[in-house]
Structures are given as C-alpha cells and as structure tokens.
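Coordinates as given in input_34.txt (compact mmCIF, C-alpha atoms):
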```txt
# COMPACT_ATOMS: atom_id res chain seq x y z
CA MET G 293 -14.41 46.76 -86.99
CA ASN G 294 -17.59 44.75 -86.51
CA GLU G 295 -16.57 41.21 -85.65
CA ASN G 296 -19.91 39.96 -86.86
CA ASN G 297 -19.38 40.77 -90.58
CA TYR G 298 -19.56 37.60 -92.64
CA ALA G 299 -19.84 37.47 -96.41
CA ASN G 300 -22.76 35.05 -96.47
CA GLY G 301 -24.61 36.81 -93.62
CA ASN G 302 -24.52 33.73 -91.37
CA GLU G 303 -23.08 35.14 -88.22
CA PRO G 304 -22.41 32.54 -85.54
CA GLY G 305 -24.72 33.10 -82.63
CA LYS G 306 -26.98 35.63 -84.36
CA GLY G 307 -30.00 33.31 -84.34
CA ALA G 308 -29.51 32.66 -80.65
CA ALA G 309 -29.21 36.39 -79.98
CA VAL G 310 -32.47 37.08 -81.82
CA ALA G 311 -34.19 34.25 -79.97
CA SER G 312 -32.92 35.65 -76.70
CA LEU G 313 -34.38 39.07 -77.46
CA VAL G 314 -37.76 37.67 -78.49
CA LEU G 315 -38.00 35.40 -75.48
CA GLY G 316 -36.94 38.24 -73.19
CA ILE G 317 -39.72 40.46 -74.49
CA VAL G 318 -42.23 37.62 -74.14
CA SER G 319 -41.18 37.01 -70.55
CA ILE G 320 -41.73 40.69 -69.72
CA VAL G 321 -45.17 40.77 -71.36
CA THR G 322 -46.38 37.78 -69.32
CA TRP G 323 -46.02 39.81 -66.11
CA PHE G 324 -49.46 41.23 -66.76
CA PHE G 325 -51.18 37.87 -66.81
CA SER G 326 -50.79 36.80 -63.14
CA MET G 327 -50.10 33.05 -63.33
CA GLY G 328 -48.78 33.61 -66.88
CA ALA G 329 -45.68 34.83 -65.06
CA LEU G 330 -44.73 31.16 -64.76
CA ILE G 331 -44.47 31.06 -68.55
CA GLY G 332 -42.45 34.28 -68.33
CA LEU G 333 -40.07 32.63 -65.93
CA VAL G 334 -39.53 29.70 -68.31
CA THR G 335 -39.14 31.87 -71.41
CA GLY G 336 -36.82 34.23 -69.55
CA VAL G 337 -34.52 31.40 -68.50
CA ILE G 338 -34.50 30.02 -72.06
CA GLY G 339 -33.71 33.56 -73.26
CA LEU G 340 -30.72 33.66 -70.92
CA ILE G 341 -29.57 30.29 -72.27
CA CYS G 342 -29.85 31.60 -75.85
CA ALA G 343 -27.88 34.75 -74.97
CA SER G 344 -25.19 32.59 -73.35
CA ASN G 345 -25.05 30.40 -76.47
CA ALA G 346 -24.72 33.50 -78.64
CA LYS G 347 -21.87 34.76 -76.47
CA LYS G 348 -20.08 31.41 -76.61
CA ALA G 349 -20.51 31.35 -80.39
CA GLY G 350 -18.71 34.69 -80.51
CA PHE G 351 -21.61 36.95 -81.44
CA VAL G 352 -20.84 40.49 -80.33
CA GLY G 353 -23.34 43.28 -80.39
CA GLY G 354 -26.29 45.10 -79.01
CA MET G 355 -28.86 42.46 -79.89
CA ARG G 356 -27.23 39.85 -77.68
CA THR G 357 -26.91 42.35 -74.83
CA ALA G 358 -30.51 43.50 -75.29
CA GLY G 359 -31.71 39.90 -75.32
CA PHE G 360 -29.75 39.11 -72.17
CA VAL G 361 -31.01 42.20 -70.34
CA CYS G 362 -34.65 41.67 -71.40
CA SER G 363 -34.52 38.01 -70.43
CA LEU G 364 -32.95 38.90 -67.08
CA ILE G 365 -35.59 41.55 -66.39
CA GLY G 366 -38.25 39.06 -67.44
CA VAL G 367 -36.94 36.38 -65.06
CA ILE G 368 -36.71 38.80 -62.13
CA GLY G 369 -40.14 40.31 -62.73
CA SER G 370 -41.81 36.98 -63.44
CA THR G 371 -40.35 35.51 -60.26
CA LEU G 372 -41.67 38.40 -58.19
CA VAL G 373 -45.11 38.31 -59.80
CA PHE G 374 -45.35 34.50 -59.73
CA VAL G 375 -44.28 34.31 -56.09
CA ALA G 376 -46.77 37.04 -55.20
CA CYS G 377 -49.61 35.20 -56.97
CA VAL G 378 -48.71 31.81 -55.50
CA ALA G 379 -48.38 33.37 -52.06
CA CYS G 380 -51.82 34.97 -52.40
CA VAL G 381 -53.40 31.70 -53.51
CA GLY G 382 -51.64 29.81 -50.74
CA ILE G 383 -52.67 32.24 -48.05
CA LEU G 384 -56.27 32.49 -49.25
CA GLY G 385 -56.51 28.73 -49.56
CA THR G 386 -55.10 28.17 -46.09
CA ALA G 387 -57.39 30.82 -44.61
CA ALA G 388 -60.41 29.25 -46.29
CA ALA G 389 -59.46 25.80 -45.02
CA LEU G 390 -59.01 27.02 -41.47
CA SER G 391 -62.21 29.08 -41.30
CA MET I 42 -55.55 47.59 -64.37
CA LYS I 43 -56.87 46.83 -60.88
CA GLU I 44 -55.39 43.34 -61.12
CA ILE I 45 -52.04 44.85 -62.08
CA LEU I 46 -52.15 47.21 -59.08
CA ILE I 47 -53.23 44.42 -56.75
CA GLY I 48 -50.41 42.31 -58.13
CA LEU I 49 -47.87 45.08 -57.52
CA ASN I 50 -49.09 45.53 -53.96
CA ALA I 51 -48.64 41.82 -53.36
CA ILE I 52 -44.96 41.85 -54.36
CA SER I 53 -43.02 41.05 -51.25
CA ALA I 54 -40.48 43.40 -49.73
CA TYR I 55 -38.39 40.26 -49.35
CA GLY I 56 -38.31 39.77 -53.11
CA LEU I 57 -37.52 43.43 -53.75
CA CYS I 58 -34.63 43.32 -51.25
CA GLY I 59 -33.34 40.21 -52.98
CA VAL I 60 -33.41 42.02 -56.30
CA ALA I 61 -31.66 45.04 -54.75
CA GLY I 62 -28.94 42.74 -53.41
CA PHE I 63 -28.57 41.16 -56.83
CA LEU I 64 -28.15 44.59 -58.46
CA LEU I 65 -25.64 45.69 -55.82
CA GLY I 66 -23.65 42.57 -56.67
CA ILE I 67 -23.54 43.68 -60.29
CA GLY I 68 -22.27 47.07 -59.14
CA TYR I 69 -19.53 45.35 -57.15
CA LEU I 70 -18.56 43.27 -60.22
CA PHE I 71 -18.32 46.44 -62.31
CA PHE I 72 -15.85 47.82 -59.78
CA ILE I 73 -13.75 44.71 -59.26
CA THR I 74 -13.41 43.85 -62.96
CA ARG I 75 -12.00 47.34 -63.55
CA VAL I 76 -9.47 46.92 -60.75
CA LYS I 77 -8.54 43.30 -61.45
CA SER I 78 -8.54 43.43 -65.27
CA GLY I 79 -11.51 41.13 -65.71
CA ASP I 80 -14.10 41.16 -68.47
CA PHE I 81 -17.27 42.65 -66.99
CA ASP I 82 -19.39 41.03 -69.71
CA ASP I 83 -18.04 37.56 -68.86
CA PHE I 84 -18.59 38.04 -65.15
CA VAL I 85 -22.13 39.33 -65.47
CA TYR I 86 -23.17 36.23 -67.41
CA ILE I 87 -21.64 33.95 -64.80
CA TYR I 88 -23.09 36.07 -61.98
CA VAL I 89 -26.62 35.77 -63.38
CA TRP I 90 -26.30 31.98 -63.65
CA ALA I 91 -24.85 31.90 -60.13
CA ALA I 92 -27.86 33.84 -58.86
CA LEU I 93 -30.28 31.44 -60.56
CA GLY I 94 -28.34 28.49 -59.14
CA ALA I 95 -28.51 30.10 -55.71
CA VAL I 96 -32.29 30.55 -55.88
CA VAL I 97 -32.85 26.97 -57.03
CA GLY I 98 -30.44 25.53 -54.46
CA ALA I 99 -31.88 27.57 -51.61
CA LYS I 100 -35.44 26.57 -52.48
CA VAL I 101 -34.59 22.87 -52.93
CA LEU I 102 -32.92 22.71 -49.51
CA TYR I 103 -35.83 24.59 -47.93
CA ILE I 104 -38.29 22.05 -49.31
CA LEU I 105 -36.08 19.10 -48.34
CA ILE I 106 -35.87 20.35 -44.76
CA GLY I 107 -39.64 20.89 -44.79
CA ILE I 108 -40.49 17.34 -45.93
CA PRO I 109 -41.38 16.17 -42.37
CA ASN I 110 -43.74 19.17 -42.04
CA ILE I 111 -45.25 18.47 -45.44
CA ALA I 112 -45.86 14.84 -44.50
CA ARG I 113 -47.38 15.86 -41.17
CA THR I 114 -49.62 18.46 -42.84
CA ALA I 115 -50.75 16.01 -45.50
CA GLY I 116 -51.56 13.44 -42.87
CA SER I 117 -53.37 15.71 -40.44
CA GLY I 118 -55.93 17.06 -42.89
CA GLU I 119 -56.12 20.29 -40.89
CA VAL I 120 -54.69 22.41 -43.69
CA ALA I 121 -55.29 21.92 -47.41
CA LEU I 122 -52.17 20.41 -48.96
CA TRP I 123 -51.96 22.37 -52.23
CA PRO I 124 -52.20 25.84 -50.66
CA TYR I 125 -49.60 24.68 -48.11
CA LEU I 126 -47.29 23.53 -50.91
CA GLY I 127 -47.95 26.83 -52.65
CA SER I 128 -46.83 28.72 -49.57
CA MET I 129 -43.64 26.61 -49.49
CA VAL I 130 -42.91 27.45 -53.13
CA SER I 131 -43.53 31.14 -52.63
CA GLY I 132 -41.65 31.65 -49.41
CA GLY I 133 -38.58 30.39 -47.69
CA PHE I 134 -35.02 29.78 -48.73
CA VAL I 135 -32.08 28.18 -46.95
CA PHE I 136 -28.82 30.02 -47.46
CA TYR I 137 -26.50 27.02 -47.56
CA GLY I 138 -28.55 25.46 -50.33
CA GLY I 139 -28.20 28.72 -52.22
CA LEU I 140 -24.45 28.78 -51.65
CA LEU I 141 -24.06 25.26 -53.01
CA GLY I 142 -26.27 26.08 -55.98
CA ALA I 143 -24.29 29.23 -56.73
CA VAL I 144 -20.92 27.48 -56.58
CA CYS I 145 -22.13 24.67 -58.85
CA ALA I 146 -23.45 27.25 -61.31
CA ILE I 147 -20.17 29.22 -61.25
CA LYS I 148 -18.19 26.04 -61.89
CA THR I 149 -20.44 25.00 -64.77
CA ALA I 150 -20.60 28.47 -66.33
CA SER I 151 -16.83 29.03 -66.02
CA ARG I 152 -16.22 25.77 -67.87
CA TYR I 153 -18.85 26.69 -70.49
CA PHE I 154 -17.26 30.08 -71.19
CA SER I 155 -13.71 28.70 -70.87
CA LEU I 156 -12.77 30.96 -67.96
CA ASP I 157 -10.39 30.37 -65.06
CA TYR I 158 -12.66 28.91 -62.36
CA VAL I 159 -10.49 29.89 -59.38
CA LYS I 160 -10.16 33.53 -60.50
CA THR I 161 -13.86 33.73 -61.34
CA LEU I 162 -14.94 32.27 -58.00
CA SER I 163 -12.50 34.49 -56.09
CA LEU I 164 -13.64 37.73 -57.73
CA MET I 165 -17.29 36.76 -57.44
CA THR I 166 -17.18 35.65 -53.79
CA PRO I 167 -17.59 39.11 -52.15
CA ALA I 168 -20.84 39.57 -54.10
CA MET I 169 -22.33 36.68 -52.10
CA PRO I 170 -22.28 38.30 -48.64
CA LEU I 171 -23.22 41.64 -50.20
CA ALA I 172 -26.37 40.25 -51.82
CA HIS I 173 -27.06 38.12 -48.76
CA ALA I 174 -26.99 41.21 -46.51
CA LEU I 175 -29.81 42.78 -48.51
CA GLY I 176 -31.65 39.48 -48.41
CA ARG I 177 -31.47 39.49 -44.62
CA VAL I 178 -32.85 43.04 -44.60
CA GLY I 179 -35.77 41.61 -46.56
CA CYS I 180 -36.15 38.90 -43.93
CA ALA I 181 -36.26 41.59 -41.24
CA LEU I 182 -38.94 43.48 -43.15
CA VAL I 183 -41.31 40.53 -43.59
CA GLY I 184 -40.48 38.71 -40.35
CA CYS I 185 -39.03 35.44 -41.59
CA CYS I 186 -35.91 33.95 -39.97
CA TYR I 187 -36.93 35.78 -36.81
CA GLY I 188 -35.09 35.78 -33.52
CA ARG I 189 -35.96 34.65 -30.01
CA GLU I 190 -38.25 36.66 -27.77
CA THR I 191 -36.43 39.45 -26.02
CA GLY I 192 -37.08 42.34 -23.68
CA LEU I 193 -34.27 44.41 -25.18
CA CYS I 194 -35.16 47.77 -26.70
CA ILE I 195 -33.50 46.74 -29.99
CA GLY I 196 -36.09 43.97 -30.45
CA ILE I 197 -38.45 44.04 -33.43
CA SER I 198 -42.19 43.67 -32.86
CA TYR I 199 -44.31 42.74 -35.88
CA ALA I 200 -47.94 43.75 -36.31
CA ASP I 201 -49.06 41.60 -39.26
CA SER I 202 -46.22 39.34 -40.24
CA LEU I 203 -47.15 36.06 -41.94
CA TYR I 204 -44.07 34.34 -40.50
CA ALA I 205 -43.12 35.82 -37.12
CA PRO I 206 -45.31 35.90 -34.02
CA ASN I 207 -47.05 39.26 -33.92
CA GLY I 208 -47.08 41.62 -30.95
CA VAL I 209 -43.97 40.05 -29.44
CA ARG I 210 -40.55 41.70 -29.28
CA LEU I 211 -38.04 39.53 -31.14
CA PHE I 212 -34.26 39.69 -31.26
CA PRO I 213 -33.18 41.34 -34.57
CA VAL I 214 -31.05 38.39 -35.63
CA GLN I 215 -31.68 39.17 -39.33
CA VAL I 216 -30.22 42.66 -38.96
CA MET I 217 -27.22 41.31 -37.06
CA GLU I 218 -26.53 38.82 -39.82
CA ALA I 219 -26.86 41.57 -42.43
CA ILE I 220 -24.27 43.66 -40.59
CA ALA I 221 -21.97 40.65 -40.25
CA ASP I 222 -22.34 39.97 -44.00
CA LEU I 223 -21.30 43.54 -44.79
CA VAL I 224 -18.24 43.21 -42.57
CA ILE I 225 -17.36 39.93 -44.33
CA PHE I 226 -17.82 41.67 -47.70
CA GLY I 227 -15.40 44.44 -46.68
CA ALA I 228 -12.84 41.93 -45.43
CA LEU I 229 -12.98 39.88 -48.63
CA VAL I 230 -12.62 42.95 -50.87
CA HIS I 231 -9.64 44.00 -48.75
CA VAL I 232 -8.02 40.58 -49.33
CA LEU I 233 -8.64 40.83 -53.08
CA LEU I 234 -7.22 44.32 -53.37
CA LYS I 235 -4.20 43.65 -51.17
CA ARG I 236 -3.16 40.34 -52.70
CA ALA I 237 -1.47 39.98 -56.04
CA ASP I 238 -3.17 37.84 -58.64
CA ASP I 239 -2.42 34.51 -56.96
CA TYR I 240 -6.04 33.69 -56.39
CA GLU I 241 -5.44 30.13 -55.27
CA LYS I 242 -3.08 31.22 -52.53
CA ALA I 243 -5.38 34.07 -51.46
CA GLY I 244 -8.17 31.55 -50.80
CA VAL I 245 -10.93 34.15 -50.91
CA PHE I 246 -13.77 31.66 -51.10
CA GLU I 247 -12.35 29.55 -48.27
CA LYS I 248 -12.04 32.65 -46.09
CA TYR I 249 -15.64 33.51 -46.83
CA LEU I 250 -16.81 30.03 -45.89
CA VAL I 251 -14.97 30.14 -42.57
CA MET I 252 -16.16 33.62 -41.64
CA TYR I 253 -19.78 32.97 -42.56
CA ALA I 254 -19.89 29.52 -40.96
CA CYS I 255 -18.70 30.98 -37.65
CA VAL I 256 -21.20 33.85 -37.83
CA ARG I 257 -24.06 31.54 -38.75
CA PHE I 258 -23.24 28.99 -36.06
CA LEU I 259 -23.34 31.66 -33.37
CA LEU I 260 -26.40 33.52 -34.64
CA GLU I 261 -28.40 30.29 -34.87
CA PHE I 262 -28.56 30.26 -31.06
CA LEU I 263 -30.50 33.52 -31.28
CA ARG I 264 -33.02 32.26 -33.85
CA GLY I 265 -36.57 31.72 -32.69
CA ASP I 266 -38.20 30.09 -35.74
CA LEU I 267 -38.67 26.48 -34.70
CA VAL I 268 -39.79 25.27 -38.15
CA ARG I 269 -36.15 24.98 -39.19
CA GLY I 270 -34.64 21.51 -39.18
CA HIS I 271 -32.95 20.29 -36.04
CA LEU I 272 -30.73 17.30 -35.32
CA GLY I 273 -30.13 16.84 -31.65
CA ALA I 274 -29.27 20.06 -29.89
CA LEU I 275 -28.11 21.84 -33.04
CA SER I 276 -30.03 23.16 -36.01
CA THR I 277 -29.47 21.93 -39.55
CA SER I 278 -27.58 25.12 -40.40
CA GLN I 279 -25.29 24.69 -37.39
CA TRP I 280 -24.44 21.15 -38.46
CA ILE I 281 -23.79 22.42 -41.99
CA SER I 282 -21.53 25.15 -40.54
CA ILE I 283 -19.50 22.53 -38.68
CA ILE I 284 -19.21 20.39 -41.81
CA ILE I 285 -18.10 23.44 -43.81
CA LEU I 286 -15.40 24.34 -41.27
CA LEU I 287 -14.11 20.73 -41.38
CA PHE I 288 -14.18 20.75 -45.18
CA VAL I 289 -12.21 24.01 -45.40
CA TRP I 290 -9.67 22.74 -42.83
CA ILE I 291 -9.08 19.55 -44.83
CA HIS I 292 -9.12 21.38 -48.18
CA ASN I 293 -6.61 24.00 -47.02
CA GLY I 294 -4.33 21.31 -45.61
CA LEU I 295 -4.30 19.44 -48.91
CA LYS I 296 -3.87 22.66 -50.88
CA LYS I 297 -0.93 23.73 -48.72
CA LYS I 298 0.83 20.39 -49.33
CA ARG I 299 0.19 20.64 -53.07
CA LEU I 300 1.51 24.21 -53.29
CA GLU I 301 4.62 23.24 -51.29
CA ARG I 302 5.31 20.39 -53.72
CA GLU I 303 5.00 22.81 -56.64
```
Rewritten as structure tokens:
Amino acid sequence: MNENNYANGNEPGKGAAVASLVLGIVSIVTWFFSMGALIGLVTGVIGLICASNAKKAGFVGGMRTAGFVCSLIGVIGSTLVFVACVACVGILGTAAALS
Amino acid sequence: MKEILIGLNAISAYGLCGVAGFLLGIGYLFFITRVKSGDFDDFVYIYVWAALGAVVGAKVLYILIGIPNIARTAGSGEVALWPYLGSMVSGGFVFYGGLLGAVCAIKTASRYFSLDYVKTLSLMTPAMPLAHALGRVGCALVGCCYGRETGLCIGISYADSLYAPNGVRLFPVQVMEAIADLVIFGALVHVLLKRADDYEKAGVFEKYLVMYACVRFLLEFLRGDLVRGHLGALSTSQWISIIILLFVWIHNGLKKKRLERE
C-alpha cells in the first residue's frame, strides 16, 4: 500500500521532495560552469535539507530518494569542481605574485 | 568542452580519495544495518549530514590554526592575500575538527529524525576510520601531511607536489596512518558484532577515540610539515589527543558509576 495516498492530494513532504529533486538537478548542472559550482554546492545542500524535511514529514517514495541522491551527487561534484577552480586561481595568483 | 576537460584534470586525487572513502562508508552502513537491524535509509541520511559536518569542522579548524600564517602573509606583502586565502579554502583539513563536526552533526540529525543517538553513533563510528583511511591515501598521493625526511627505502619522494618538498625522500606517515585506521576499523566492527545490543556499555565511540588518539599522538612525531600548529614541544593535534584521552577517561569513569547505580 502506498503510504502517500491522501484523498485531497496533499501529501506531507511531497513539496519538499519535489524541491529536493529540482535543486539536486540544478546543483549537478552547475558543474559545467566552473565557479558556478559554488551555486551548485549551495543548492545541493538545500536539496539535502528538503529531502530530510520530506523524510521527517513521512513522505515515502522514489522522488524523495531521487532528490536526495541528485542533491548528494551535486554537492560532491560541486565541491570537487569548486575546490579545483579555487585551487587553480589560488596557485596562478600566487605564481603571478611571486614572479 | 576544453574547459570541462581542463576542469576534470584539475580535480584533485585527494578529493577523489575522499569521495571513495565516503562511498566505502555507505557500503559499511549497508552491511551493518542488515546485521544490527537498523534502517539503512535512516542511517544514510545521518551519515551524509555527518560527512558534511566533518568537512565543515575540518576546514574551520584548519583555518583557525592557520590564522597566524594568514596574518603574517597579509602583513608581509610578499604573497597576494586573496590567492593565499583561496589556497586555504581549497586545500587542507584537520581531522579533529572533522571529528567534532561529524559528532555534532550526528547528534543534531539523530534528534531531528527521532533516533537513538547512542545506537546511531555506535553503528556509524567504524565508518569514520574507514573513510579517514582513504583520505590519508589521498594525502599520500598529493603530498600533504607529509613525513620527516628519511633515508629508508620505504620513503616517498615527490616530483611535483604542491605541498611536500620535492626530490626528497619522506617518511610515509600518511600510509602508516591509513593502515592504522583500517586496523581500528576492523577492531571496532569486531566489537559491534561480538557485543549484544547494549551500545552504551560497548562504548564503541570511546574505544575509537582512545585508539585513534594514541595512533595520532605517536605518528605526529614522524610528521615533517611544519605549517601545522605547535604549542611548546607538541603539535596542536598531539595536545588535542591528550585532551581526548583525558576526556574519555573522565567520561568512562562517570558512565561506569552511573551504570552501577542503575
């Protein structure tokens, strides 16, 4: 039985689950925009918060899981890309200053 | 496309090892929740928040320890401040800051999801040394947290490390810590599997703190990276190890008295 069936369609946590999925996808897309990965990091973390809220509200289902996984992948990838970009800028800047 | 490829090439092996450690931790949780009748879904959520707490805590402590260097750099004018701050943001973590961040996150998340904090922390504890071991492999690959100079054949010599001195054979202290972490992981899993479900009595997290503090205190003598904080003859991490051992000793004493009263 699907625990999310409600007569009026207002399932607790569904909005948060949808938000989590959207934010997770956004955080993955920002990987391809170098310093935009910082935005991906922020949206990914907010996506994780939304997925957690959906879980606490009792929403069960694939959308919440998909939102959590996408947000997690977005946070991990954004962190790696952001750190790589900041490291490059830092190194180049330091090299330029020392030369 | 070129920018994407350049970006991928710039991704640090250190970061990839950290991610691998994180994923291994999830694999461990999958196993232990099957054995110990836990909800894998619950634990994954808390684990992810613990990992984020660990990253934030480790970075904050790294920056706090680096404040004297930041002040000196800003004052000297030899190196541009913003690129230097950028390099601090992008690289460097202090484990004990990460541990504190992770524990705070586990406590907060357990309360949020209405889970038993002691059981959650106990089952999650072995994932910490497991992930940390992979992190130390990452350190060995990029040359951070390097060891003292050595003439031993097991020394690591870097050619183009941004952190370690290049062309010099260094003691593989990162690899030794990774091996020690794996041994600690095995010991903690053994305790969890052997003990019944009295998690408070098993004291898994306390055992981890003691084992790691001893390992870290000893390995710090073999570290060669002088940028770490020092207070007197001991490094910051050694002082933290001593404080942790004292804390566990006091905590276990109080816990023993409380359990005897009950």
Practice problem: Step by step: start from the point (-23.0, 37.3, -68.4) in the file's coordinates, keep every protein, DNA or RNA residue that has an atom no farther than 12 Å from it, count only C-alpha atoms, and write the set as a ChimeraX atom specification. | Solution: /G:340-348,356-361,363-364 /I:67,70-71,80-92,147,150-151,153-154
Dump of C-alpha atoms for the selected residues, as a compact mmCIF listing (two decimals), in the frame of the given file:
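Writing done, so here's part-v9.txt:
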```txt
# COMPACT_ATOMS: atom_id res chain seq x y z
CA LEU G 340 -30.72 33.66 -70.92
CA ILE G 341 -29.57 30.29 -72.27
CA CYS G 342 -29.85 31.60 -75.85
CA ALA G 343 -27.88 34.75 -74.97
CA SER G 344 -25.19 32.59 -73.35
CA ASN G 345 -25.05 30.40 -76.47
CA ALA G 346 -24.72 33.50 -78.64
CA LYS G 347 -21.87 34.76 -76.47
CA LYS G 348 -20.08 31.41 -76.61
CA ARG G 356 -27.23 39.85 -77.68
CA THR G 357 -26.91 42.35 -74.83
CA ALA G 358 -30.51 43.50 -75.29
CA GLY G 359 -31.71 39.90 -75.32
CA PHE G 360 -29.75 39.11 -72.17
CA VAL G 361 -31.01 42.20 -70.34
CA SER G 363 -34.52 38.01 -70.43
CA LEU G 364 -32.95 38.90 -67.08
CA ILE I 67 -23.54 43.68 -60.29
CA LEU I 70 -18.56 43.27 -60.22
CA PHE I 71 -18.32 46.44 -62.31
CA ASP I 80 -14.10 41.16 -68.47
CA PHE I 81 -17.27 42.65 -66.99
CA ASP I 82 -19.39 41.03 -69.71
CA ASP I 83 -18.04 37.56 -68.86
CA PHE I 84 -18.59 38.04 -65.15
CA VAL I 85 -22.13 39.33 -65.47
CA TYR I 86 -23.17 36.23 -67.41
CA ILE I 87 -21.64 33.95 -64.80
CA TYR I 88 -23.09 36.07 -61.98
CA VAL I 89 -26.62 35.77 -63.38
CA TRP I 90 -26.30 31.98 -63.65
CA ALA I 91 -24.85 31.90 -60.13
CA ALA I 92 -27.86 33.84 -58.86
CA ILE I 147 -20.17 29.22 -61.25
CA ALA I 150 -20.60 28.47 -66.33
CA SER I 151 -16.83 29.03 -66.02
CA TYR I 153 -18.85 26.69 -70.49
CA PHE I 154 -17.26 30.08 -71.19
```
Quiz item: In terms of the shortest atom-to-atom distance over all atoms listed in the file, which of G:Thr335, G:Ser319, G:Thr371, G:Asn302 is closest to chain I?
Solution: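 Among the listed residues, the smallest separation from chain I belongs to G:Thr371.
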Quiz item: Expressed in Å to a single decimal, how great is the separation between CA of Gly353 in chain G and CA of Thr74 in chain I?
Solution: 20.1 Å
Quiz item: Taking into account only C-alpha atoms, which residue in the set G:Ile331, G:Cys362, G:Leu313, G:Val337 is nearest to chain I?
Solution: G:Val337
Practice problem: Name the residues within 10 Å of (-34.8, 26.2, -58.0), counting all atoms listed in the file in the file's coordinates, and put them as a PyMOL selection string. | Solution: chain I and resi 93-102+130+134+138-139+142
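Closest approach to chain G from the set I:Tyr240, I:Phe212, I:Phe136, I:Phe63 is made by I:Phe63, with distances taken over all atoms listed in the file.
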Self-check item: Coordinates-based distance that separates CA of Glu241 in chain I from CA of Asp222 in chain I (Å, one decimal)
Solution: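 Interatomic distance, CA of Asp222 in chain I to CA of Glu241 in chain I: 22.6 Å.
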Exercise. Rank nothing, just name the residue among I:Ile108, I:Leu203, I:Ile73, I:Val251 nearest to chain G, using only C-alpha atoms.
Key: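 Of I:Ile108, I:Leu203, I:Ile73, I:Val251, the one nearest chain G is I:Leu203, counting only C-alpha atoms.
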Self-check item: Between CA of Leu175 in chain I and CA of Gly62 in chain I - distance in Å to one decimal
Solution: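 Distance between the two atoms: 5.0 Å.
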Quiz item: Nearest to chain G among I:Asn110, I:Ser202, I:Ser278, I:Ser155, with distances taken over only C-alpha atoms: which residue is it?
Solution: I:Ser155
Practice problem: Choose the residue, out of G:Ala308, G:Phe351, G:Phe325, G:Val314, that has the smallest atom-to-atom separation from chain I; count only C-alpha atoms. | Solution: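 Closest to chain I of all the choices is G:Phe325.
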